[in-house]
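Student: One structure, as structure tokens, below. Some questions next.
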Protein chains: 4
Amino acid sequence: MHGYADRRDEFHTRLRRIEGQVRGVQKMVEDDRYCIDILTQISSISRALRGVAVGLLDEHVRHCVADAITEGHEAGDEKIAEAMDAIQRLVKS
Amino acid sequence: MHGYADRRDEFHTRLRRIEGQVRGVQKMVEDDRYCIDILTQISSISRALRGVAVGLLDEHVRHCVADAITEGHEAGDEKIAEAMDAIQRLVKS
Amino acid sequence: MHGYADRRDEFHTRLRRIEGQVRGVQKMVEDDRYCIDILTQISSISRALRGVAVGLLDEHVRHCVADAITEGHEAGDEKIAEAMDAIQRLVKS
Amino acid sequence: MHGYADRRDEFHTRLRRIEGQVRGVQKMVEDDRYCIDILTQISSISRALRGVAVGLLDEHVRHCVADAITEGHEAGDEKIAEAMDAIQRLVKS
């Protein structure tokens, strides 16, 4: 079981809301809605996705990474390197 | 009819693929998949969303903004200000 | 003369302030200041840089791109493509 | 002494190069250089700054945060919360 287990329902709900927002944007495109309004909606989805990512990362560091560090030097180093790679991808995405 | 009309089907298809990716992430959360793998997937969705936003913006500038500029000074200024606001939101999101 | 000529002094002043902030961060590193405080400072510099970039882009679209569009179809298309490339780099950077 | 002590010279050198790049952009503005070329340069500075931030964060997690986690639950939690705040600011900046 992974670190985010306690907040699984919360993340799931947030992702379903994001799915609904993406479907809303599809409908806006079908209905030929004004481009700028669609962009505003996409910016809001991006922020919501990033919020989920930061939340998951928080749980991951607080559980998986912290446990690995407590376990010992090498296990900790590996988990930290992996988490830093994920952070870098997130910062750039 | 708005500026992105020629590429409406393309944008719609890309947004449906993004919707599928968001559903895939929900499934990963349900299945208690490894946090870092979920984050990688979210970064990829963010990039895809941003790609759609930049594509829509491109069409918007090429059509709506360019038409407004051709129409006259004031119409152009207004559309440019509106587009710059959208770009700023996009850069920050 | 380029589009940002009217605001050249403003941009210059903002860039000098940013230079001062970067020097401040060097000093923090020399003085072995707390890592998180340095990161806060770097986030503030990134925001300031992005503000200058968006300001320059605004002037560029309002002048160079708008002039090219008024000049004719091909000149406008070329300038729009170039500006969109810059926006994409900015969004990703 | 903080976590980045081993790489202090490296970070200092990178920040001095960034300072030089910012001065280069000031010169470009003074010389009325083409807006798009200035934007390209600013995007490159933003990437370089972000690289320093991620490097500092990496050292911080690997040392300060890991030490606090080893020390005990509460110390670790506090450091993780602080680091996550910095990551969130970085992701948004």
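Each chain in the structure tokens gets a letter, A, B and so on, in the order shown; residues start at 1 in every chain, and ligands are counted from 1 in the order they appear.
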Distance cut-off 8 Å, counting only C-alpha atoms - which residues of chain B neighbour chain A? Return them as a VMD selection string.
Tutor: chain B and resid 1 to 5 8 11 to 12 15 to 16 18 to 19 22 to 23 25 to 26 29 to 30 32 to 36 39 to 40 42 to 44 46 to 47 49 to 50 53 56 to 57 60 82 to 83 86 89 to 90 93
Student: Need to verify the contact set: D:Asp77, 10 Å, only C-alpha atoms, exclusion of same-chain residues closer than 3 positions in sequence. Can you return it as a VMD selection string?
Tutor: (chain A and resid 61 to 62 66) or (chain D and resid 65 68 to 69 72 to 74 80 to 83)
Student: Got time to write the residues from that selection, C-alpha atoms, as a tab-separated table (two decimals), in the first residue's frame?
Tutor:
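Below you can see part.tsv, which holds the result:
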```tsv
chain	number	residue	atom	x	y	z
A	61	VAL	CA	7.64	12.23	0.62
A	62	ARG	CA	5.86	12.03	3.97
A	66	ALA	CA	10.60	9.19	4.95
D	65	VAL	CA	15.20	16.98	5.52
D	68	ALA	CA	15.31	15.77	10.50
D	69	ILE	CA	13.49	12.57	9.54
D	72	GLY	CA	12.31	11.82	14.78
D	73	HIS	CA	8.75	12.12	13.62
D	74	GLU	CA	7.94	15.71	14.48
D	80	ILE	CA	8.86	18.07	4.89
D	81	ALA	CA	6.02	20.61	5.16
D	82	GLU	CA	8.51	23.45	4.68
D	83	ALA	CA	10.15	21.76	1.68
```
Student: Would you work out the distance separating atom CA of C:Glu10 from atom CA of C:Gly51, expressed in Å to one decimal?
Tutor: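 Atom CA of C:Gly51 lies 11.9 Å from atom CA of C:Glu10.
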Student: Between atom CA of A:Asp67 and atom CA of D:Asp6, measure the distance and give it in Å to one decimal.
Tutor: 25.4 Å
Student: What separation in Å, quoted to one decimal, exists between atom CA of D:Met84 and atom CA of A:Ala75?
Tutor: 20.8 Å
